[in-house]
file coords.cif (mmCIF, C-alpha atoms)
data_target
#
loop_
_atom_site.label_atom_id
_atom_site.label_comp_id
_atom_site.auth_asym_id
_atom_site.auth_seq_id
_atom_site.Cartn_x
_atom_site.Cartn_y
_atom_site.Cartn_z
CA MET A 312 154.16 36.01 318.60
CA HIS A 313 153.07 32.99 316.59
CA ILE A 314 154.84 31.96 313.37
CA GLN A 315 153.00 29.45 311.17
CA PRO A 316 155.02 28.06 308.26
CA SER A 317 153.25 27.61 304.94
CA ASN A 318 153.01 24.31 303.07
CA ALA A 319 155.51 25.62 300.51
CA THR A 320 159.31 25.66 300.77
CA LEU A 321 159.12 29.33 301.79
CA GLY A 322 156.76 31.65 303.60
CA ALA A 323 155.17 31.94 307.02
CA THR A 324 152.25 33.81 308.59
CA VAL A 325 153.01 35.80 311.72
CA THR A 326 150.29 36.69 314.22
CA ASN A 327 150.04 38.01 317.80
CA VAL A 328 152.44 40.87 317.15
CA ASP A 329 151.92 44.59 316.57
CA LEU A 330 154.41 45.93 314.04
CA ALA A 331 153.79 49.53 315.13
CA GLY A 332 156.65 50.23 317.51
CA ILE A 333 157.78 46.64 318.05
CA ALA A 334 160.34 45.88 320.74
CA ASP A 335 163.89 44.92 319.77
CA ALA A 336 163.42 41.32 320.91
CA ASP A 337 160.34 40.93 318.72
CA PHE A 338 162.15 42.43 315.76
CA GLU A 339 165.06 40.04 316.23
CA ALA A 340 162.62 37.12 316.15
CA ILE A 341 160.99 38.50 313.02
CA GLU A 342 164.32 39.00 311.28
CA SER A 343 165.43 35.48 312.17
CA ALA A 344 162.16 34.05 310.82
CA TRP A 345 162.54 36.16 307.67
CA HIS A 346 165.97 34.71 307.01
CA ARG A 347 164.52 31.23 307.44
CA PHE A 348 161.27 31.59 305.48
CA ALA A 349 162.21 34.48 303.09
CA VAL A 350 158.58 35.73 303.07
CA LEU A 351 156.51 36.75 306.09
CA VAL A 352 152.85 37.82 306.02
CA PHE A 353 151.38 39.75 308.96
CA PRO A 354 147.56 39.75 308.73
CA GLY A 355 145.41 42.65 309.90
CA GLN A 356 148.14 45.13 310.86
CA HIS A 357 146.49 48.27 309.37
CA LEU A 358 149.72 50.25 309.71
CA SER A 359 149.82 53.97 309.11
CA ASP A 360 152.25 55.14 306.45
CA GLU A 361 154.57 56.35 309.19
CA ASP A 362 154.56 53.00 310.98
CA HIS A 363 155.02 51.20 307.66
CA LEU A 364 158.15 53.26 306.96
CA ALA A 365 159.43 52.87 310.52
CA PHE A 366 159.15 49.08 310.24
CA THR A 367 160.96 49.22 306.89
CA ARG A 368 163.85 51.18 308.37
CA ARG A 369 164.47 48.39 310.88
CA PHE A 370 165.83 46.36 307.94
CA GLY A 371 168.06 49.07 306.45
CA ARG A 372 168.09 52.20 304.33
CA LEU A 373 165.14 53.01 302.11
CA GLU A 374 165.59 52.73 298.37
CA ARG A 375 164.53 55.33 295.84
CA GLY A 376 162.01 54.26 293.24
CA LEU A 377 162.66 54.69 289.52
CA LYS A 378 164.04 58.22 289.73
CA ARG A 379 167.54 58.25 291.21
CA ARG A 380 167.72 62.02 291.67
CA ARG A 381 164.81 62.14 294.08
CA THR A 382 165.93 62.38 297.69
CA GLU A 383 162.73 62.14 299.72
CA ALA A 384 161.65 58.96 301.51
CA GLY A 385 158.13 57.72 301.08
CA LEU A 386 155.84 54.89 300.11
CA GLY A 387 155.14 53.86 296.56
CA ARG A 388 151.51 53.35 295.60
CA LEU A 389 150.52 50.40 293.45
CA SER A 390 147.02 51.46 292.57
CA ASN A 391 144.54 51.52 289.72
CA VAL A 392 142.60 54.35 291.38
CA ASP A 393 143.04 58.01 290.45
CA ARG A 394 143.17 61.01 292.79
CA ASN A 395 139.40 61.30 292.71
CA GLY A 396 138.91 57.71 293.84
CA HIS A 397 137.86 56.39 290.44
CA VAL A 398 139.21 53.19 288.88
CA VAL A 399 141.28 54.16 285.84
CA PRO A 400 140.54 52.53 282.47
CA GLY A 401 142.74 49.59 281.55
CA GLU A 402 144.35 51.40 278.62
CA GLN A 403 145.69 54.25 280.76
CA LEU A 404 149.39 54.21 281.68
CA GLN A 405 148.70 53.87 285.40
CA ALA A 406 146.92 50.57 284.76
CA ARG A 407 149.18 49.35 281.97
CA PHE A 408 152.34 49.82 284.01
CA GLN A 409 151.11 47.50 286.73
CA ARG A 410 150.66 44.62 284.28
CA GLY A 411 154.41 44.20 284.30
CA ASN A 412 154.18 43.06 287.92
CA ARG A 413 152.37 39.92 286.73
CA ASP A 414 155.69 38.46 285.51
CA TRP A 415 158.10 36.83 287.97
CA HIS A 416 160.78 39.26 289.11
CA SER A 417 163.08 40.47 291.87
CA ASP A 418 162.56 44.14 292.68
CA SER A 419 165.23 46.49 291.37
CA SER A 420 167.43 43.77 289.89
CA TYR A 421 167.85 46.17 286.95
CA LYS A 422 169.85 48.43 289.29
CA ARG A 423 173.54 48.04 290.07
CA VAL A 424 172.57 46.99 293.60
CA GLY A 425 169.24 45.16 293.68
CA ALA A 426 166.77 45.59 296.51
CA LYS A 427 167.26 43.79 299.80
CA ALA A 428 163.61 43.62 300.82
CA SER A 429 160.16 44.78 299.76
CA ILE A 430 157.32 45.46 302.18
CA LEU A 431 153.81 45.56 300.73
CA ALA A 432 150.64 46.59 302.55
CA ALA A 433 147.07 46.07 301.36
CA HIS A 434 144.69 49.04 301.67
CA VAL A 435 141.93 48.19 299.17
CA VAL A 436 141.59 44.75 297.60
CA PRO A 437 139.34 43.45 294.79
CA ASP A 438 136.62 40.89 295.38
CA GLU A 439 138.62 38.33 293.42
CA GLY A 440 142.15 38.02 292.10
CA GLY A 441 144.98 40.41 292.91
CA GLU A 442 146.90 37.85 294.98
CA THR A 443 150.69 37.93 295.30
CA GLU A 444 152.80 34.84 294.70
CA TRP A 445 156.36 34.23 295.83
CA ALA A 446 158.81 31.63 294.48
CA ASP A 447 161.73 30.15 296.42
CA MET A 448 164.97 30.51 294.44
CA ARG A 449 166.95 28.71 297.16
CA ALA A 450 164.90 25.54 296.71
CA ALA A 451 165.02 26.06 292.94
CA TYR A 452 168.81 26.09 292.95
CA ASP A 453 168.92 23.00 295.17
CA ALA A 454 166.64 21.16 292.73
CA LEU A 455 168.64 21.94 289.57
CA ASP A 456 170.14 18.97 287.79
CA ALA A 457 173.92 18.68 287.61
CA PRO A 458 174.31 19.81 283.95
CA THR A 459 172.26 22.97 284.57
CA LYS A 460 174.19 23.78 287.75
CA SER A 461 177.40 23.36 285.78
CA TRP A 462 176.13 25.64 282.98
CA ILE A 463 175.05 28.51 285.24
CA GLU A 464 178.06 28.37 287.59
CA GLY A 465 180.11 31.55 287.27
CA LYS A 466 177.82 33.06 284.64
CA THR A 467 176.37 36.58 284.72
CA ALA A 468 173.00 37.71 283.43
CA VAL A 469 172.38 41.22 282.12
CA HIS A 470 169.39 42.83 283.83
CA SER A 471 167.83 45.73 281.97
CA TYR A 472 164.95 48.09 282.74
CA ARG A 473 164.62 48.99 279.06
CA PHE A 474 164.31 45.30 278.18
CA SER A 475 161.75 44.34 280.81
CA HIS A 476 159.58 47.47 280.77
CA ALA A 477 159.28 48.29 277.07
CA TRP A 478 156.02 46.41 276.48
CA HIS A 479 153.73 47.78 279.19
CA GLY A 480 154.46 51.49 279.55
CA GLY A 481 157.54 51.57 281.76
CA LEU A 482 159.55 53.62 279.29
CA GLU A 483 156.79 56.23 279.11
CA LEU A 484 157.16 56.98 282.82
CA LEU A 485 160.73 58.24 282.60
CA SER A 486 162.63 60.95 280.77
CA GLY A 487 165.66 60.18 278.64
CA GLN A 488 167.97 61.19 281.51
CA GLU A 489 166.07 59.00 283.95
CA LEU A 490 166.34 56.03 281.61
CA ASP A 491 170.07 56.70 281.27
CA ASP A 492 170.27 56.45 285.07
CA LEU A 493 169.14 52.82 284.67
CA PRO A 494 171.76 51.26 282.37
CA PRO A 495 171.96 47.48 281.94
CA VAL A 496 173.77 45.76 284.82
CA GLY A 497 175.21 42.32 285.42
CA HIS A 498 174.27 39.99 288.27
CA PRO A 499 175.49 36.42 288.83
CA LEU A 500 173.04 33.64 288.05
CA VAL A 501 173.93 32.06 291.39
CA ARG A 502 173.89 34.24 294.49
CA ILE A 503 175.05 33.44 298.01
CA HIS A 504 172.81 34.89 300.70
CA PRO A 505 174.92 37.04 303.05
CA ALA A 506 173.00 36.03 306.19
CA THR A 507 172.29 32.35 305.57
CA GLY A 508 175.04 31.29 303.18
CA ARG A 509 172.50 29.50 300.96
CA SER A 510 172.86 29.52 297.19
CA SER A 511 169.94 30.71 295.09
CA LEU A 512 169.06 31.10 291.43
CA PHE A 513 168.82 34.75 290.35
CA VAL A 514 166.64 35.12 287.25
CA GLY A 515 163.25 36.76 286.49
CA ARG A 516 161.74 39.16 283.96
CA HIS A 517 164.47 41.80 284.24
CA ALA A 518 167.18 39.31 283.16
CA SER A 519 167.69 39.94 279.44
CA HIS A 520 170.45 37.51 278.47
CA VAL A 521 173.63 35.83 279.66
CA THR A 522 176.98 37.56 279.19
CA GLY A 523 179.18 35.78 276.67
CA GLU A 524 176.32 33.66 275.30
CA ASP A 525 174.16 34.09 272.22
CA ILE A 526 171.53 36.68 273.19
CA GLU A 527 168.45 34.96 271.83
CA SER A 528 169.30 31.42 272.93
CA SER A 529 170.37 32.53 276.41
CA ARG A 530 167.26 34.69 276.69
CA LEU A 531 165.12 31.63 275.95
CA ARG A 532 167.06 29.60 278.49
CA LEU A 533 166.55 32.25 281.17
CA ARG A 534 162.80 32.23 280.51
CA GLU A 535 162.76 28.46 280.76
CA LEU A 536 164.74 28.53 284.01
CA THR A 537 162.33 31.06 285.51
CA ALA A 538 159.25 29.09 284.48
CA TRP A 539 160.73 25.86 285.83
CA ALA A 540 161.82 27.46 289.12
CA CYS A 541 158.45 29.10 289.83
CA ARG A 542 156.21 26.09 290.22
CA GLY A 543 155.03 23.40 292.63
CA ARG A 544 155.89 23.62 296.32
CA ARG A 545 158.39 26.38 295.62
CA VAL A 546 155.47 28.82 295.18
CA TRP A 547 153.34 30.38 297.92
CA ARG A 548 150.25 32.47 297.16
CA HIS A 549 148.63 35.00 299.48
CA ARG A 550 145.06 36.23 299.16
CA TRP A 551 145.14 39.79 300.52
CA GLN A 552 142.79 41.30 303.05
CA PRO A 553 142.82 45.02 303.96
CA GLY A 554 145.44 45.67 306.62
CA ASP A 555 147.72 42.77 305.68
CA ILE A 556 151.42 43.49 305.25
CA ALA A 557 154.15 41.26 303.84
CA ILE A 558 157.93 41.39 303.62
CA TRP A 559 160.04 39.34 301.23
CA ASP A 560 163.72 38.89 300.49
CA ASN A 561 164.53 39.97 296.94
CA ARG A 562 167.95 38.32 297.19
CA CYS A 563 166.46 34.82 297.10
CA VAL A 564 162.78 35.19 296.13
CA LEU A 565 160.91 36.04 292.94
CA HIS A 566 157.37 37.36 293.12
CA ARG A 567 154.46 38.37 290.92
CA GLY A 568 151.00 39.86 291.25
CA ARG A 569 147.96 38.07 289.88
CA PRO A 570 145.32 39.67 287.64
CA TRP A 571 142.00 40.98 288.96
CA PRO A 572 138.89 42.48 287.31
CA GLU A 573 139.94 45.81 285.81
CA ASN A 574 136.78 47.52 287.02
CA GLN A 575 137.61 46.80 290.67
CA PRO A 576 139.98 48.91 292.79
CA ARG A 577 143.23 47.59 294.21
CA VAL A 578 145.35 49.94 296.32
CA MET A 579 148.64 48.77 297.82
CA ALA A 580 151.52 50.63 299.49
CA ARG A 581 155.09 49.45 299.04
CA SER A 582 158.40 50.35 300.57
CA THR A 583 161.76 48.99 299.48
CA VAL A 584 164.91 48.35 301.50
CA ALA A 585 168.05 49.19 299.56
CA GLY A 586 170.69 46.55 298.93
CA GLU A 587 173.50 46.49 301.47
CA ASP A 588 176.29 48.26 299.61
CA PRO A 589 177.79 51.34 301.30
CA ASP A 590 178.11 53.00 297.89
CA ASN A 591 174.59 52.14 296.72
CA GLU A 592 173.56 55.19 294.73
CA TRP A 593 169.88 54.22 295.03
CA ALA A 594 169.87 54.19 298.84
CA ILE A 595 168.47 57.23 300.63
CA ALA A 596 170.95 58.70 303.07
CA GLU A 597 169.13 58.05 306.35
CA THR A 598 170.07 56.42 309.59
CA ALA A 599 168.38 53.03 309.93
CA GLY A 600 166.09 53.08 312.96
#

call {"tool": "encode", "arguments": {"input": "coords.cif", "output": "structure tokens"}}
result
Amino acid sequence: MHIQPSNATLGATVTNVDLAGIADADFEAIESAWHRFAVLVFPGQHLSDEDHLAFTRRFGRLERGLKRRRTEAGLGRLSNVDRNGHVVPGEQLQARFQRGNRDWHSDSSYKRVGAKASILAAHVVPDEGGETEWADMRAAYDALDAPTKSWIEGKTAVHSYRFSHAWHGGLELLSGQELDDLPPVGHPLVRIHPATGRSSLFVGRHASHVTGEDIESSRLRLRELTAWACRGRRVWRHRWQPGDIAIWDNRCVLHRGRPWPENQPRVMARSTVAGEDPDNEWAIAETAG
């Protein structure tokens, strides 16, 4: 196995390893590198859906998507292609919903227990665009000036699905009951990583406002914090090729997808590892393998 760090403060490319049925020693090396770099890209894996899910389970329980009452485990498809293989028009909900992924976010932070990890595999990629970018919230926290660190210390941000998904079709996907299953939740602006002990800034598009602060002014400040954090050497961009797979740590990383020509197909498969809370209502009751 070869691990090549990126030129950013996070991210590494891992080669000379087959993720289908990896040995325990190889997985331990991967997990250690993941804790260090927060994002790992494995080029040219071409995993089957079953192998993709098996690799995901090495990190913990699978997380349900947007519908809490579903119990089956499976991959989510991020695709602008319909069942007949045709690219859907940009005004259709399937295409509109994906535009939300172009804003910096941490997956599932609008849930009581946010996601631990996301694993994304490329099946079909456009000729241009469609990259994924990741931003290092550990390095962002370290770089904050003293007054900002003092302001955010001990504060909680309200993360809300209704807030972050209203503009691009997210509310149209769910029934009233399903939306009620996603009430606003609070998360600290500073998180301590359970494996590394490092502090990180926890912001992104799902963060609506700061508890106890004026809604509009704190909302503006959160946007400014996110924009400031996600720049320079704290950002790593990956240009996808079919067969690539990546894993990132939602506890200390923000990510976003980049635009691509709407007449070109892009088909990705994503699995999500549930946050490590024994009472996590979004975790699927499976034994981690």

call {"tool": "residues_around", "arguments": {"input": "coords.cif", "residues": "stretch 499-510 of chain A", "least_positions_apart": "5", "cutoff": "7 Å", "atoms": "all atoms listed in the file", "output": "MDAnalysis selection string"}}
result
chainID A and resid 346 449 452 463:468 562

call {"tool": "closest_residue", "arguments": {"input": "coords.cif", "among": "A:Leu533, A:Lys378, A:Ala446, A:Leu431", "to": "A:His363", "atoms": "all atoms listed in the file"}}
result
A:Leu431

call {"tool": "resolve_selection", "arguments": {"input": "coords.cif", "expression": "the PyMOL selection byres ((chain A and resi 352) around 6)", "output": "PDB file with C-alpha atoms, keeping the file's coordinate frame"}}
result
ATOM      1  CA  THR A 324     152.250  33.810 308.590  1.00  0.00           C
ATOM      2  CA  LEU A 351     156.510  36.750 306.090  1.00  0.00           C
ATOM      3  CA  PHE A 353     151.380  39.750 308.960  1.00  0.00           C
ATOM      4  CA  ILE A 556     151.420  43.490 305.250  1.00  0.00           C
ATOM      5  CA  ALA A 557     154.150  41.260 303.840  1.00  0.00           C
TER       6      ALA A 557
END

call {"tool": "resolve_selection", "arguments": {"input": "coords.cif", "expression": "the PyMOL selection byres ((chain A and resi 410-427) around 6)", "output": "PyMOL selection string"}}
result
chain A and resi 407-409+428+470-472+496+515-516+561+565-569+584-586

call {"tool": "closest_residue", "arguments": {"input": "coords.cif", "among": "A:Gln405, A:Cys541, A:Asp525, A:Pro354", "to": "A:Asp393", "atoms": "all atoms listed in the file"}}
result
A:Gln405

call {"tool": "residues_around", "arguments": {"input": "coords.cif", "residues": "A:Ser317", "least_positions_apart": "3", "cutoff": "12 Å", "atoms": "only C-alpha atoms", "output": "count of residues only"}}
result
19

call {"tool": "decode", "arguments": {"input": "coords.cif", "residues": "stretch 353-487 of chain A", "atoms": "C-alpha atoms", "output": "PDB file, in the first residue's frame"}}
result
ATOM      1  CA  PHE A 353      -8.520   5.268  -3.781  1.00  0.00           C
ATOM      2  CA  PRO A 354      -8.205   5.489  -7.585  1.00  0.00           C
ATOM      3  CA  GLY A 355      -9.471   2.793  -9.932  1.00  0.00           C
ATOM      4  CA  GLN A 356     -11.135   0.468  -7.422  1.00  0.00           C
ATOM      5  CA  HIS A 357     -14.298  -0.290  -9.478  1.00  0.00           C
ATOM      6  CA  LEU A 358     -16.020  -1.821  -6.449  1.00  0.00           C
ATOM      7  CA  SER A 359     -19.293  -3.662  -6.775  1.00  0.00           C
ATOM      8  CA  ASP A 360     -22.144  -2.331  -4.659  1.00  0.00           C
ATOM      9  CA  GLU A 361     -21.671  -5.263  -2.292  1.00  0.00           C
ATOM     10  CA  ASP A 362     -17.964  -4.580  -1.849  1.00  0.00           C
ATOM     11  CA  HIS A 363     -18.664  -0.865  -1.417  1.00  0.00           C
ATOM     12  CA  LEU A 364     -21.080  -1.630   1.424  1.00  0.00           C
ATOM     13  CA  ALA A 365     -18.735  -4.201   2.971  1.00  0.00           C
ATOM     14  CA  PHE A 366     -15.930  -1.626   3.063  1.00  0.00           C
ATOM     15  CA  THR A 367     -18.324   0.895   4.623  1.00  0.00           C
ATOM     16  CA  ARG A 368     -19.282  -1.514   7.394  1.00  0.00           C
ATOM     17  CA  ARG A 369     -15.642  -1.756   8.456  1.00  0.00           C
ATOM     18  CA  PHE A 370     -16.047   1.791   9.823  1.00  0.00           C
ATOM     19  CA  GLY A 371     -19.341   1.248  11.657  1.00  0.00           C
ATOM     20  CA  ARG A 372     -23.082   0.971  11.231  1.00  0.00           C
ATOM     21  CA  LEU A 373     -24.725   2.243   8.073  1.00  0.00           C
ATOM     22  CA  GLU A 374     -26.876   5.343   8.293  1.00  0.00           C
ATOM     23  CA  ARG A 375     -30.331   5.726   6.811  1.00  0.00           C
ATOM     24  CA  GLY A 376     -30.794   8.454   4.246  1.00  0.00           C
ATOM     25  CA  LEU A 377     -33.498  11.102   4.598  1.00  0.00           C
ATOM     26  CA  LYS A 378     -36.287   8.724   5.626  1.00  0.00           C
ATOM     27  CA  ARG A 379     -35.824   7.510   9.193  1.00  0.00           C
ATOM     28  CA  ARG A 380     -38.489   4.806   9.014  1.00  0.00           C
ATOM     29  CA  ARG A 381     -36.739   2.876   6.271  1.00  0.00           C
ATOM     30  CA  THR A 382     -34.835  -0.112   7.605  1.00  0.00           C
ATOM     31  CA  GLU A 383     -33.004  -1.518   4.579  1.00  0.00           C
ATOM     32  CA  ALA A 384     -29.302  -0.938   3.957  1.00  0.00           C
ATOM     33  CA  GLY A 385     -28.171   0.212   0.560  1.00  0.00           C
ATOM     34  CA  LEU A 386     -26.297   2.749  -1.486  1.00  0.00           C
ATOM     35  CA  GLY A 387     -27.603   6.185  -2.306  1.00  0.00           C
ATOM     36  CA  ARG A 388     -27.351   7.296  -5.929  1.00  0.00           C
ATOM     37  CA  LEU A 389     -26.265  10.822  -6.745  1.00  0.00           C
ATOM     38  CA  SER A 390     -27.206  10.898 -10.385  1.00  0.00           C
ATOM     39  CA  ASN A 391     -28.716  13.119 -13.044  1.00  0.00           C
ATOM     40  CA  VAL A 392     -29.659  10.089 -15.148  1.00  0.00           C
ATOM     41  CA  ASP A 393     -33.131   8.542 -15.149  1.00  0.00           C
ATOM     42  CA  ARG A 394     -34.031   4.847 -15.173  1.00  0.00           C
ATOM     43  CA  ASN A 395     -33.846   4.771 -18.949  1.00  0.00           C
ATOM     44  CA  GLY A 396     -30.299   6.115 -18.993  1.00  0.00           C
ATOM     45  CA  HIS A 397     -31.242   9.614 -20.127  1.00  0.00           C
ATOM     46  CA  VAL A 398     -29.884  12.808 -18.566  1.00  0.00           C
ATOM     47  CA  VAL A 399     -32.766  14.560 -16.804  1.00  0.00           C
ATOM     48  CA  PRO A 400     -33.492  18.227 -17.602  1.00  0.00           C
ATOM     49  CA  GLY A 401     -32.040  20.743 -15.178  1.00  0.00           C
ATOM     50  CA  GLU A 402     -35.453  21.901 -13.961  1.00  0.00           C
ATOM     51  CA  GLN A 403     -36.506  18.436 -12.780  1.00  0.00           C
ATOM     52  CA  LEU A 404     -36.355  17.704  -9.039  1.00  0.00           C
ATOM     53  CA  GLN A 405     -33.713  14.998  -9.445  1.00  0.00           C
ATOM     54  CA  ALA A 406     -31.330  17.571 -10.916  1.00  0.00           C
ATOM     55  CA  ARG A 407     -32.379  20.493  -8.732  1.00  0.00           C
ATOM     56  CA  PHE A 408     -31.867  18.561  -5.505  1.00  0.00           C
ATOM     57  CA  GLN A 409     -28.228  17.884  -6.306  1.00  0.00           C
ATOM     58  CA  ARG A 410     -27.455  21.596  -6.621  1.00  0.00           C
ATOM     59  CA  GLY A 411     -27.568  21.797  -2.855  1.00  0.00           C
ATOM     60  CA  ASN A 412     -24.423  19.673  -2.726  1.00  0.00           C
ATOM     61  CA  ARG A 413     -22.489  22.574  -4.279  1.00  0.00           C
ATOM     62  CA  ASP A 414     -22.510  24.398  -0.923  1.00  0.00           C
ATOM     63  CA  TRP A 415     -20.027  23.453   1.801  1.00  0.00           C
ATOM     64  CA  HIS A 416     -21.537  21.019   4.292  1.00  0.00           C
ATOM     65  CA  SER A 417     -21.049  18.083   6.635  1.00  0.00           C
ATOM     66  CA  ASP A 418     -23.344  15.170   5.792  1.00  0.00           C
ATOM     67  CA  SER A 419     -26.296  14.708   8.118  1.00  0.00           C
ATOM     68  CA  SER A 420     -25.368  17.534  10.481  1.00  0.00           C
ATOM     69  CA  TYR A 421     -29.100  18.339  10.453  1.00  0.00           C
ATOM     70  CA  LYS A 422     -29.656  15.079  12.363  1.00  0.00           C
ATOM     71  CA  ARG A 423     -29.312  14.669  16.119  1.00  0.00           C
ATOM     72  CA  VAL A 424     -26.197  12.564  15.492  1.00  0.00           C
ATOM     73  CA  GLY A 425     -24.323  13.676  12.389  1.00  0.00           C
ATOM     74  CA  ALA A 426     -22.617  11.217  10.072  1.00  0.00           C
ATOM     75  CA  LYS A 427     -19.246   9.748  10.968  1.00  0.00           C
ATOM     76  CA  ALA A 428     -18.037   9.098   7.426  1.00  0.00           C
ATOM     77  CA  SER A 429     -19.173   9.252   3.816  1.00  0.00           C
ATOM     78  CA  ILE A 430     -17.867   6.963   1.083  1.00  0.00           C
ATOM     79  CA  LEU A 431     -18.416   8.079  -2.501  1.00  0.00           C
ATOM     80  CA  ALA A 432     -17.702   6.053  -5.637  1.00  0.00           C
ATOM     81  CA  ALA A 433     -17.601   7.347  -9.208  1.00  0.00           C
ATOM     82  CA  HIS A 434     -19.429   5.297 -11.855  1.00  0.00           C
ATOM     83  CA  VAL A 435     -19.982   7.811 -14.665  1.00  0.00           C
ATOM     84  CA  VAL A 436     -18.230  11.183 -14.753  1.00  0.00           C
ATOM     85  CA  PRO A 437     -18.678  14.217 -17.043  1.00  0.00           C
ATOM     86  CA  ASP A 438     -15.997  15.379 -19.439  1.00  0.00           C
ATOM     87  CA  GLU A 439     -15.461  18.479 -17.329  1.00  0.00           C
ATOM     88  CA  GLY A 440     -16.457  19.667 -13.880  1.00  0.00           C
ATOM     89  CA  GLY A 441     -18.159  17.515 -11.258  1.00  0.00           C
ATOM     90  CA  GLU A 442     -15.133  17.458  -8.952  1.00  0.00           C
ATOM     91  CA  THR A 443     -15.454  17.110  -5.182  1.00  0.00           C
ATOM     92  CA  GLU A 444     -13.674  19.471  -2.807  1.00  0.00           C
ATOM     93  CA  TRP A 445     -12.943  18.929   0.867  1.00  0.00           C
ATOM     94  CA  ALA A 446     -12.048  21.568   3.468  1.00  0.00           C
ATOM     95  CA  ASP A 447     -10.055  20.938   6.654  1.00  0.00           C
ATOM     96  CA  MET A 448     -11.949  22.226   9.694  1.00  0.00           C
ATOM     97  CA  ARG A 449      -9.112  21.183  12.030  1.00  0.00           C
ATOM     98  CA  ALA A 450      -6.680  23.531  10.289  1.00  0.00           C
ATOM     99  CA  ALA A 451      -9.424  26.163  10.107  1.00  0.00           C
ATOM    100  CA  TYR A 452      -9.897  26.086  13.867  1.00  0.00           C
ATOM    101  CA  ASP A 453      -6.143  26.269  14.434  1.00  0.00           C
ATOM    102  CA  ALA A 454      -5.938  29.351  12.205  1.00  0.00           C
ATOM    103  CA  LEU A 455      -8.741  31.311  13.891  1.00  0.00           C
ATOM    104  CA  ASP A 456      -7.714  34.533  15.573  1.00  0.00           C
ATOM    105  CA  ALA A 457      -8.057  34.819  19.345  1.00  0.00           C
ATOM    106  CA  PRO A 458     -11.239  36.981  19.373  1.00  0.00           C
ATOM    107  CA  THR A 459     -13.066  34.554  17.055  1.00  0.00           C
ATOM    108  CA  LYS A 460     -11.971  31.535  19.097  1.00  0.00           C
ATOM    109  CA  SER A 461     -13.245  33.298  22.190  1.00  0.00           C
ATOM    110  CA  TRP A 462     -16.593  34.099  20.514  1.00  0.00           C
ATOM    111  CA  ILE A 463     -17.297  30.556  19.302  1.00  0.00           C
ATOM    112  CA  GLU A 464     -16.109  28.765  22.458  1.00  0.00           C
ATOM    113  CA  GLY A 465     -19.023  27.024  24.146  1.00  0.00           C
ATOM    114  CA  LYS A 466     -21.541  28.172  21.544  1.00  0.00           C
ATOM    115  CA  THR A 467     -24.051  25.946  19.745  1.00  0.00           C
ATOM    116  CA  ALA A 468     -25.316  26.290  16.201  1.00  0.00           C
ATOM    117  CA  VAL A 469     -28.777  25.148  15.140  1.00  0.00           C
ATOM    118  CA  HIS A 470     -28.607  22.841  12.115  1.00  0.00           C
ATOM    119  CA  SER A 471     -31.826  22.523  10.147  1.00  0.00           C
ATOM    120  CA  TYR A 472     -32.838  20.483   7.098  1.00  0.00           C
ATOM    121  CA  ARG A 473     -35.768  22.813   6.435  1.00  0.00           C
ATOM    122  CA  PHE A 474     -33.402  25.796   6.455  1.00  0.00           C
ATOM    123  CA  SER A 475     -30.723  24.360   4.178  1.00  0.00           C
ATOM    124  CA  HIS A 476     -32.922  22.476   1.703  1.00  0.00           C
ATOM    125  CA  ALA A 477     -35.800  24.873   1.075  1.00  0.00           C
ATOM    126  CA  TRP A 478     -34.309  26.538  -2.003  1.00  0.00           C
ATOM    127  CA  HIS A 479     -33.424  23.587  -4.242  1.00  0.00           C
ATOM    128  CA  GLY A 480     -36.172  21.002  -3.870  1.00  0.00           C
ATOM    129  CA  GLY A 481     -35.251  19.182  -0.675  1.00  0.00           C
ATOM    130  CA  LEU A 482     -38.610  19.819   0.951  1.00  0.00           C
ATOM    131  CA  GLU A 483     -40.416  18.373  -2.071  1.00  0.00           C
ATOM    132  CA  LEU A 484     -38.754  14.995  -1.540  1.00  0.00           C
ATOM    133  CA  LEU A 485     -40.303  14.344   1.864  1.00  0.00           C
ATOM    134  CA  SER A 486     -43.764  14.069   3.347  1.00  0.00           C
ATOM    135  CA  GLY A 487     -44.848  16.184   6.299  1.00  0.00           C
TER     136      GLY A 487
END
